[in-house]
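Raw final_25.txt, compact mmCIF, C-alpha atoms:
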# COMPACT_ATOMS: atom_id res chain seq x y z
CA MET O 4 -15.74 -14.35 28.18
CA ASP O 5 -12.91 -16.74 27.38
CA LEU O 6 -9.61 -15.74 25.84
CA GLN O 7 -10.52 -16.85 22.32
CA GLU O 8 -13.71 -14.79 22.41
CA ALA O 9 -11.79 -11.81 23.77
CA LYS O 10 -9.19 -12.16 21.05
CA LEU O 11 -11.85 -12.14 18.34
CA LYS O 12 -13.45 -9.00 19.77
CA TYR O 13 -10.06 -7.35 20.17
CA ILE O 14 -9.05 -8.05 16.57
CA LEU O 15 -12.41 -6.77 15.36
CA HIS O 16 -11.88 -3.61 17.40
CA LEU O 17 -8.58 -2.97 15.60
CA ALA O 18 -10.08 -3.93 12.24
CA ASP O 19 -13.12 -1.67 12.72
CA ASN O 20 -10.90 1.31 13.57
CA ALA O 21 -9.00 0.74 10.34
CA LEU O 22 -12.07 0.14 8.16
CA ILE O 23 -14.11 3.10 9.37
CA LEU O 24 -11.27 5.61 9.23
CA GLY O 25 -10.25 4.25 5.83
CA GLN O 26 -13.81 4.81 4.61
CA ARG O 27 -13.89 8.34 6.07
CA LEU O 28 -10.60 9.31 4.43
CA GLY O 29 -11.79 7.78 1.17
CA GLU O 30 -14.65 10.29 1.16
CA TRP O 31 -12.03 12.92 0.30
CA CYS O 32 -11.28 11.20 -3.01
CA GLY O 33 -11.77 13.82 -5.70
CA HIS O 34 -12.60 16.51 -3.09
CA GLY O 35 -9.17 17.30 -1.60
CA PRO O 36 -8.20 20.96 -1.18
CA VAL O 37 -5.37 20.44 -3.70
CA LEU O 38 -4.47 17.47 -5.86
CA GLU O 39 -1.41 16.63 -3.77
CA GLN O 40 -3.43 16.37 -0.53
CA ASP O 41 -6.24 14.51 -2.26
CA MET O 42 -3.58 11.89 -3.09
CA ALA O 43 -2.08 11.99 0.39
CA MET O 44 -5.44 11.33 2.08
CA THR O 45 -6.46 8.57 -0.28
CA ASN O 46 -3.02 6.96 0.10
CA ILE O 47 -3.54 6.95 3.85
CA SER O 48 -7.05 5.59 3.32
CA LEU O 49 -5.62 2.68 1.33
CA ASP O 50 -3.09 1.97 4.08
CA TYR O 51 -6.02 1.67 6.47
CA LEU O 52 -8.07 -0.55 4.17
CA GLY O 53 -5.07 -2.83 3.68
CA ARG O 54 -4.67 -3.08 7.43
CA ALA O 55 -8.39 -3.73 7.87
CA ARG O 56 -8.21 -6.63 5.43
CA LEU O 57 -5.32 -8.33 7.25
CA LEU O 58 -7.19 -8.02 10.54
CA PHE O 59 -10.58 -9.15 9.18
CA GLN O 60 -8.93 -12.15 7.54
CA TYR O 61 -7.41 -13.11 10.87
CA ALA O 62 -10.72 -12.58 12.69
CA ALA O 63 -12.56 -14.68 10.08
CA GLU O 64 -10.12 -17.56 10.60
CA ILE O 65 -10.68 -17.44 14.35
CA LYS O 66 -14.44 -17.26 13.99
CA GLY O 67 -14.47 -20.09 11.47
CA GLY O 68 -17.53 -21.48 9.67
CA ASN O 69 -18.73 -19.40 6.73
CA THR O 70 -17.20 -16.20 8.07
CA THR O 71 -15.08 -14.23 5.61
CA GLU O 72 -13.35 -10.88 5.74
CA ASP O 73 -16.22 -9.52 3.63
CA SER O 74 -18.99 -10.88 5.82
CA LEU O 75 -17.35 -9.23 8.84
CA ALA O 76 -16.95 -5.90 7.08
CA PHE O 77 -20.26 -5.80 5.23
CA THR O 78 -22.93 -7.58 7.25
CA ARG O 79 -22.46 -6.58 10.87
CA ASN O 80 -24.68 -3.90 12.42
CA GLU O 81 -23.65 -0.69 14.20
CA TRP O 82 -23.76 -2.19 17.68
CA GLU O 83 -21.44 -4.98 16.58
CA TYR O 84 -18.78 -2.49 15.52
CA GLU O 85 -16.11 -1.77 18.13
CA ASN O 86 -14.24 1.16 16.60
CA VAL O 87 -13.51 4.21 18.74
CA LEU O 88 -15.89 7.17 18.31
CA LEU O 89 -13.05 9.36 17.02
CA VAL O 90 -12.70 7.52 13.70
CA GLU O 91 -16.38 7.80 12.79
CA GLN O 92 -16.52 11.59 13.26
CA PRO O 93 -17.24 13.41 9.98
CA ASN O 94 -14.48 14.91 7.85
CA THR O 95 -16.18 18.34 8.25
CA ASP O 96 -13.26 20.25 6.71
CA PHE O 97 -9.54 19.74 6.12
CA ALA O 98 -8.63 20.98 9.63
CA PHE O 99 -11.00 18.45 11.27
CA THR O 100 -9.61 15.65 9.14
CA VAL O 101 -6.07 16.63 10.09
CA ALA O 102 -6.91 16.93 13.81
CA ARG O 103 -8.68 13.54 13.86
CA GLN O 104 -5.73 11.96 12.08
CA PHE O 105 -3.15 13.61 14.32
CA PHE O 106 -4.87 12.57 17.58
CA LEU O 107 -5.08 9.02 16.31
CA ASP O 108 -1.58 8.81 14.78
CA ALA O 109 0.02 10.14 17.97
CA PHE O 110 -1.76 7.30 19.77
CA GLN O 111 -1.23 4.57 17.19
CA PHE O 112 2.47 5.03 16.64
CA PRO O 113 3.53 4.01 20.18
CA TYR O 114 0.61 1.56 20.34
CA PHE O 115 1.60 -0.48 17.30
CA SER O 116 5.28 -0.19 18.23
CA LEU O 117 4.41 -2.05 21.44
CA LEU O 118 2.06 -4.52 19.74
CA ARG O 119 5.06 -5.74 17.72
CA SER O 120 6.34 -7.46 20.83
CA GLY O 121 2.96 -8.85 21.90
CA LYS O 122 2.58 -12.62 22.31
CA ASP O 123 0.42 -13.09 19.21
CA LYS O 124 2.79 -13.53 16.26
CA ARG O 125 0.20 -12.72 13.61
CA LEU O 126 -0.81 -9.45 15.29
CA ALA O 127 2.87 -8.62 15.84
CA ASP O 128 3.51 -9.02 12.11
CA ILE O 129 0.57 -6.80 11.21
CA ALA O 130 1.86 -4.24 13.74
CA GLU O 131 5.29 -4.33 12.10
CA LYS O 132 3.80 -3.25 8.78
CA THR O 133 1.47 -0.76 10.46
CA VAL O 134 4.21 1.03 12.40
CA LYS O 135 6.00 2.06 9.20
CA GLU O 136 2.80 3.41 7.68
CA THR O 137 1.82 5.18 10.88
CA ALA O 138 5.24 6.86 11.19
CA TYR O 139 4.52 8.53 7.87
CA HIS O 140 0.90 9.35 8.73
CA LEU O 141 2.04 11.02 11.95
CA LYS O 142 4.58 13.08 10.07
CA TRP O 143 1.89 14.15 7.62
CA SER O 144 -0.79 15.01 10.18
CA GLY O 145 1.64 16.62 12.66
CA GLU O 146 3.11 18.80 9.91
CA TRP O 147 -0.34 19.97 8.89
CA VAL O 148 -1.39 20.82 12.45
CA ILE O 149 1.69 23.02 12.60
CA ARG O 150 1.25 24.55 9.15
CA LEU O 151 -2.41 25.38 9.69
CA GLY O 152 -1.92 26.50 13.31
CA ASP O 153 1.04 28.67 12.31
CA GLY O 154 -0.50 29.76 8.99
CA THR O 155 -3.04 32.54 8.49
CA ASP O 156 -5.60 33.85 11.01
CA ILE O 157 -8.33 31.79 9.36
CA SER O 158 -6.31 28.57 9.21
CA ARG O 159 -5.34 29.00 12.87
CA GLN O 160 -8.97 29.55 13.86
CA LYS O 161 -10.15 26.48 11.95
CA MET O 162 -7.38 24.28 13.33
CA GLN O 163 -8.09 25.36 16.92
CA LYS O 164 -11.81 24.74 16.44
CA ALA O 165 -11.14 21.23 15.14
CA ILE O 166 -8.77 20.45 18.04
CA ASP O 167 -11.31 21.73 20.59
CA GLU O 168 -14.33 19.95 19.13
CA LEU O 169 -12.66 16.58 18.65
CA TRP O 170 -10.98 16.65 22.06
CA THR O 171 -13.96 15.00 23.74
CA TYR O 172 -13.38 11.83 21.65
CA THR O 173 -9.74 11.38 22.67
CA GLY O 174 -10.41 10.03 26.18
CA GLU O 175 -11.79 6.79 24.81
CA LEU O 176 -8.43 5.90 23.25
CA PHE O 177 -7.11 5.20 26.75
CA GLU O 178 -10.11 3.33 28.12
CA VAL O 179 -9.79 -0.41 28.48
CA ALA O 180 -12.74 -2.48 27.23
CA ASP O 181 -13.43 -5.80 29.01
CA TYR O 182 -12.20 -7.93 26.09
CA GLU O 183 -9.11 -5.75 25.90
CA ARG O 184 -8.39 -6.31 29.60
CA LEU O 185 -7.98 -10.04 29.00
CA MET O 186 -5.67 -9.36 26.08
CA ILE O 187 -3.56 -6.92 28.07
CA ASP O 188 -3.31 -9.29 31.05
CA GLY O 189 -2.22 -12.09 28.72
CA GLN O 190 0.44 -9.78 27.19
CA PHE O 191 -1.18 -10.01 23.77
CA ALA O 192 -1.96 -6.28 23.64
CA PRO O 193 -0.37 -3.05 24.92
CA ASP O 194 -2.00 -1.36 27.91
CA VAL O 195 -3.63 1.73 26.45
CA ALA O 196 -4.05 3.42 29.84
CA ALA O 197 -0.26 3.52 30.20
CA LEU O 198 0.11 5.44 26.93
CA LYS O 199 -1.92 8.47 28.00
CA ASN O 200 0.85 10.64 29.48
CA ASP O 201 3.18 10.23 26.52
CA TRP O 202 0.31 10.97 24.16
CA GLU O 203 -0.56 14.19 25.97
CA THR O 204 3.09 15.23 25.92
CA LYS O 205 3.38 14.58 22.18
CA VAL O 206 0.15 16.44 21.41
CA SER O 207 1.04 19.42 23.59
CA GLU O 208 4.49 19.67 21.97
CA VAL O 209 3.03 19.83 18.49
CA LEU O 210 0.27 22.25 19.51
CA LYS O 211 2.90 24.49 21.09
CA VAL O 212 4.97 24.63 17.90
CA ALA O 213 1.73 25.31 15.99
CA GLY O 214 0.86 28.19 18.33
CA LEU O 215 -2.39 26.45 19.32
CA GLU O 216 -3.98 26.07 22.75
CA MET O 217 -4.12 22.69 24.46
CA PRO O 218 -7.81 22.15 25.38
CA ALA O 219 -8.67 22.21 29.08
CA PRO O 220 -9.74 18.89 30.65
CA ILE O 221 -13.39 18.20 29.81
CA TRP O 222 -15.91 15.37 30.02
CA MET O 223 -14.96 12.64 27.57
CA GLN O 224 -17.30 10.69 25.29
CA SER O 225 -16.99 6.94 25.28
CA GLY O 226 -18.78 3.80 24.16
CA GLY O 227 -17.49 3.02 20.68
CA LYS O 228 -15.21 0.22 21.84
CA THR O 229 -18.22 -1.60 23.28
CA GLY O 230 -20.62 -0.93 20.40
CA LYS O 231 -22.33 2.30 21.54
CA HIS O 232 -21.80 4.70 18.67
CA SER O 233 -22.58 8.24 17.59
CA GLU O 234 -25.28 8.68 14.93
CA HIS O 235 -22.58 8.99 12.26
CA LEU O 236 -21.69 5.30 12.12
CA GLY O 237 -25.07 4.27 10.71
CA TYR O 238 -24.64 6.59 7.74
CA ILE O 239 -21.12 5.31 7.10
CA LEU O 240 -22.32 1.71 7.15
CA ALA O 241 -25.24 2.57 4.87
CA ASP O 242 -22.74 3.70 2.24
CA LEU O 243 -20.22 0.99 2.94
CA GLN O 244 -22.60 -1.96 3.12
CA TYR O 245 -25.19 -1.01 0.52
CA MET O 246 -24.09 -3.41 -2.21
CA GLN O 247 -23.80 -6.47 0.05
CA ARG O 248 -27.13 -5.67 1.72
CA ALA O 249 -28.94 -5.14 -1.59
CA TYR O 250 -27.28 -8.07 -3.38
CA PRO O 251 -26.16 -10.50 -0.67
CA GLY O 252 -23.04 -12.46 -1.60
CA MET O 253 -22.41 -10.52 -4.80
CA GLU O 254 -18.89 -10.58 -6.18
CA TRP O 255 -17.15 -8.60 -8.88
CA MET Z 17 -2.86 27.54 -1.80
CA LYS Z 18 -3.15 29.26 -5.19
CA ASN Z 19 0.09 31.14 -4.54
CA TRP Z 20 2.13 28.09 -3.58
CA PRO Z 21 5.27 27.99 -5.73
CA LEU Z 22 5.86 25.26 -8.30
CA PHE Z 23 8.52 22.61 -7.68
CA GLU Z 24 10.21 20.26 -10.12
CA ILE Z 25 10.50 16.69 -8.86
CA PHE Z 26 13.37 14.29 -9.46
CA ILE Z 27 13.22 10.63 -8.45
CA ARG Z 28 16.00 8.07 -8.15
CA SER Z 29 14.39 4.76 -9.05
CA LYS Z 30 17.09 2.55 -7.53
CA SER Z 31 20.59 2.72 -6.10
CA GLY Z 32 23.22 3.48 -8.70
CA LEU Z 33 20.87 5.21 -11.12
CA ASN Z 34 20.60 8.96 -11.42
CA HIS Z 35 17.66 11.10 -10.37
CA LYS Z 36 15.27 11.67 -13.26
CA HIS Z 37 12.79 14.44 -13.74
CA VAL Z 38 9.27 13.05 -13.31
CA GLY Z 39 7.06 16.14 -13.19
CA SER Z 40 6.13 19.10 -11.05
CA LEU Z 41 3.76 20.02 -8.27
CA HIS Z 42 2.78 22.86 -5.96
CA ALA Z 43 3.82 23.09 -2.30
CA ALA Z 44 4.32 25.79 0.33
CA ASP Z 45 8.00 24.95 0.77
CA ALA Z 46 10.62 22.34 -0.08
CA ALA Z 47 9.80 20.06 2.87
CA MET Z 48 6.15 19.90 1.85
CA ALA Z 49 7.18 19.40 -1.78
CA ILE Z 50 9.10 16.27 -0.78
CA GLU Z 51 6.11 14.91 1.13
CA ASN Z 52 3.75 15.71 -1.72
CA ALA Z 53 6.13 14.10 -4.20
CA ARG Z 54 6.21 11.00 -2.03
CA ASP Z 55 2.44 10.77 -2.25
CA VAL Z 56 2.04 11.73 -5.89
CA TYR Z 57 5.06 10.13 -7.56
CA THR Z 58 6.24 7.17 -5.48
CA ARG Z 59 3.04 5.38 -4.53
CA ARG Z 60 3.81 2.49 -6.88
CA GLN Z 61 7.36 1.96 -5.70
CA GLU Z 62 8.83 4.26 -8.31
CA GLY Z 63 11.68 5.51 -6.17
CA ILE Z 64 14.05 5.42 -3.25
CA SER Z 65 15.16 9.04 -3.22
CA ILE Z 66 13.52 12.37 -4.04
CA TRP Z 67 15.02 15.73 -5.01
CA VAL Z 68 12.89 18.83 -5.32
CA VAL Z 69 13.85 22.24 -6.64
CA GLU Z 70 11.70 25.30 -7.03
CA SER Z 71 10.98 25.66 -10.74
CA LYS Z 72 12.12 29.29 -10.83
CA TYR Z 73 15.69 28.19 -10.09
CA ILE Z 74 15.90 26.13 -13.26
CA SER Z 75 17.51 27.88 -16.22
CA ALA Z 76 16.67 26.38 -19.55
CA SER Z 77 18.12 26.61 -23.04
CA ASP Z 78 16.09 28.60 -25.51
CA PRO Z 79 14.27 26.43 -28.09
CA ALA Z 80 15.04 29.12 -30.67
CA ASP Z 81 18.74 28.38 -30.16
CA SER Z 82 18.37 24.68 -30.76
CA ASP Z 83 19.97 24.73 -34.22
CA PRO Z 84 23.25 26.37 -33.28
CA PHE Z 85 23.22 24.48 -29.96
CA PHE Z 86 22.58 20.93 -31.04
CA GLU Z 87 22.89 20.50 -34.79
CA PRO Z 88 26.68 20.78 -35.05
CA ALA Z 89 26.93 17.51 -33.07
CA GLN Z 90 25.00 15.60 -35.72
CA ASP Z 91 27.84 15.03 -38.18
CA LYS Z 92 30.51 14.31 -35.59
CA ILE Z 93 29.97 10.64 -35.08
CA TYR Z 94 33.56 10.21 -33.98
CA ARG Z 95 32.45 11.67 -30.66
CA HIS Z 96 30.31 8.61 -29.97
CA PRO Z 97 32.02 5.74 -28.19
CA THR Z 98 30.66 3.29 -30.76
CA PHE Z 99 34.08 2.07 -31.84
CA TYR Z 100 34.77 0.23 -28.60
CA ASP Z 101 33.70 -3.28 -27.65
CA LEU Z 102 31.96 -3.15 -24.28
CA PRO Z 103 32.40 -6.08 -21.91
CA ASP Z 104 29.06 -7.77 -21.10
CA GLU Z 105 29.47 -7.00 -17.39
CA VAL Z 106 29.14 -3.28 -17.99
CA LYS Z 107 25.50 -2.30 -17.65
CA HIS Z 108 23.69 1.03 -17.80
CA MET Z 109 25.95 2.58 -20.48
Could you rewrite the structure in this file as structure tokens?
Amino acid sequence: MDLQEAKLKYILHLADNALILGQRLGEWCGHGPVLEQDMAMTNISLDYLGRARLLFQYAAEIKGGNTTEDSLAFTRNEWEYENVLLVEQPNTDFAFTVARQFFLDAFQFPYFSLLRSGKDKRLADIAEKTVKETAYHLKWSGEWVIRLGDGTDISRQKMQKAIDELWTYTGELFEVADYERLMIDGQFAPDVAALKNDWETKVSEVLKVAGLEMPAPIWMQSGGKTGKHSEHLGYILADLQYMQRAYPGMEW
Amino acid sequence: MKNWPLFEIFIRSKSGLNHKHVGSLHAADAAMAIENARDVYTRRQEGISIWVVESKYISASDPADSDPFFEPAQDKIYRHPTFYDLPDEVKHM
């Protein structure tokens, strides 16, 4: 794999994370527990879709030919997606959505802060915009972990369950895929493995304030970053890609 | 969530202008009310500052009193500063 190929895969990895989580959060539209949180989640969803577009546009330019941001988003198959498994996990309930968001935000905030000083100017600019959004997302999700953990017996139970069940998908955040290795070595991307300790500290601090238990070390799922996904991704893509699959090239 | 108190939301649209009432929403406490207001009322760049106050702390005039309260001002036009020429530089008067 040469550097250009690695860069394309790396950008798609970031773009896929943003697209799939944006789609997941968008599923809450009209179904939020209260109007205010319905708005909060769809606002976050739109932040992710905006980020996905910037990244897909960049990837399309690198790939060249007839490739467009839309063809990348709407015509690739599951095994061509490189998002982490965490973002494709179902919303399940509000606590799961909050836990998924919190795990990811606590990772993404330092990650995109570092990407701002990476060697690729275009990615650094996208990171600059992303850091501001992520700072707010982290505030939102962290606050809700605390409020639900420190709320009623039922909210505490649900929050703890979500933390425990999603824990197995957090290990992958710190695994380095082969294309990512080239990007890290070339100082284009932050080294995710080096972020693990700080992430665990941040998560354990918030869980402590929330009165929740930090899960014990367990076996971690992995594979998303290299195209091996859980069964959920196919259903997401079925929804997401339906129009372009049924009416190829349609515009509106 | 049904027993969350109601908050009134005030937004300052830009520096130098005053905070204006824009609506109300429910939240568990003032901190959450500010976050909710950010998401509900400022998503199209409507503001740069948010005030929230729990609705129960607002005292309002009684609509039944509106005649004695407000009508006497109607025929006292000399209270309006309409007899001065304002320099063009003065905005937001």
Notebook entry, point to check: Taking all atoms listed in the file into account, which residues of chain O are within 7 Å of chain Z, as a VMD selection string?
Noted result: chain O and resid 39 42 to 43
Check: How many Å lie between atom CA of Phe59 of chain O and atom CA of Asp19 of chain O, rounded to one decimal?
Finding: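 Between these atoms lies a distance of 8.7 Å.
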Margin query: Using only C-alpha atoms, can you tell me which of O:Ser120, O:Thr95, O:Gln7, O:Gln111 comes closest to Gly67 of chain O?
Written below: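 Ranking O:Ser120, O:Thr95, O:Gln7, O:Gln111 by distance to Gly67 of chain O, first place goes to O:Gln7.
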Check: For Val38 of chain Z, which residue out of Z:Pro84, Z:Pro21, Z:Gly63, Z:Pro97 is the nearest one, using all atoms listed in the file?
Finding: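 Among the listed residues, Z:Gly63 lies closest to Val38 of chain Z.
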Check: Contacts of Ser65 of chain Z at 10 Å or less, counting all atoms listed in the file, minus same-chain residues fewer than 6 places along, as a PyMOL selection string?
Finding: chain Z and resi 26-31+34-35+50+54+58
Next item on the list: Rounded to one decimal place, report the atom CA of Gly230 of chain O-atom CA of Ala102 of chain O distance in Å.
Entry: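 Result for atom CA of Gly230 of chain O versus atom CA of Ala102 of chain O: 23.5 Å, one decimal.
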Item checked: Selection as a PyMOL selection string: residues within 7 Å of (-15.5, 11.4, 19.9), counting all atoms listed in the file -> chain O and resi 88-89+92+169+171-173+224
Checklist line | One-decimal distance in Å that lies between atom CA of Ile157 of chain O and atom CA of Val90 of chain O | finding: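 Separation of atom CA of Val90 of chain O and atom CA of Ile157 of chain O: 25.0 Å.
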Find the residues with any atom within 12 Å of (1.2, 0.5, 10.8); use all atoms listed in the file and the coordinates as given in the file, and write the answer as an mmCIF file with C-alpha atoms, in the frame of the given file.
data_model
loop_
_atom_site.group_PDB
_atom_site.id
_atom_site.type_symbol
_atom_site.label_atom_id
_atom_site.label_comp_id
_atom_site.auth_asym_id
_atom_site.auth_seq_id
_atom_site.Cartn_x
_atom_site.Cartn_y
_atom_site.Cartn_z
ATOM 1 C CA LEU O 17 -8.580 -2.970 15.600
ATOM 2 C CA ALA O 21 -9.000 0.740 10.340
ATOM 3 C CA ILE O 47 -3.540 6.950 3.850
ATOM 4 C CA LEU O 49 -5.620 2.680 1.330
ATOM 5 C CA ASP O 50 -3.090 1.970 4.080
ATOM 6 C CA TYR O 51 -6.020 1.670 6.470
ATOM 7 C CA LEU O 52 -8.070 -0.550 4.170
ATOM 8 C CA GLY O 53 -5.070 -2.830 3.680
ATOM 9 C CA ARG O 54 -4.670 -3.080 7.430
ATOM 10 C CA ALA O 55 -8.390 -3.730 7.870
ATOM 11 C CA LEU O 57 -5.320 -8.330 7.250
ATOM 12 C CA LEU O 58 -7.190 -8.020 10.540
ATOM 13 C CA LEU O 107 -5.080 9.020 16.310
ATOM 14 C CA ASP O 108 -1.580 8.810 14.780
ATOM 15 C CA PHE O 110 -1.760 7.300 19.770
ATOM 16 C CA GLN O 111 -1.230 4.570 17.190
ATOM 17 C CA PHE O 112 2.470 5.030 16.640
ATOM 18 C CA PRO O 113 3.530 4.010 20.180
ATOM 19 C CA TYR O 114 0.610 1.560 20.340
ATOM 20 C CA PHE O 115 1.600 -0.480 17.300
ATOM 21 C CA SER O 116 5.280 -0.190 18.230
ATOM 22 C CA LEU O 117 4.410 -2.050 21.440
ATOM 23 C CA LEU O 118 2.060 -4.520 19.740
ATOM 24 C CA ARG O 119 5.060 -5.740 17.720
ATOM 25 C CA LEU O 126 -0.810 -9.450 15.290
ATOM 26 C CA ALA O 127 2.870 -8.620 15.840
ATOM 27 C CA ASP O 128 3.510 -9.020 12.110
ATOM 28 C CA ILE O 129 0.570 -6.800 11.210
ATOM 29 C CA ALA O 130 1.860 -4.240 13.740
ATOM 30 C CA GLU O 131 5.290 -4.330 12.100
ATOM 31 C CA LYS O 132 3.800 -3.250 8.780
ATOM 32 C CA THR O 133 1.470 -0.760 10.460
ATOM 33 C CA VAL O 134 4.210 1.030 12.400
ATOM 34 C CA LYS O 135 6.000 2.060 9.200
ATOM 35 C CA GLU O 136 2.800 3.410 7.680
ATOM 36 C CA THR O 137 1.820 5.180 10.880
ATOM 37 C CA ALA O 138 5.240 6.860 11.190
ATOM 38 C CA TYR O 139 4.520 8.530 7.870
ATOM 39 C CA HIS O 140 0.900 9.350 8.730
ATOM 40 C CA LEU O 141 2.040 11.020 11.950
#
Next item on the list: Could you check which of Z:Asn19, Z:Lys36, Z:Tyr100, Z:Gln90 is closest to Ile64 of chain Z, using all atoms listed in the file?
Entry: Z:Lys36
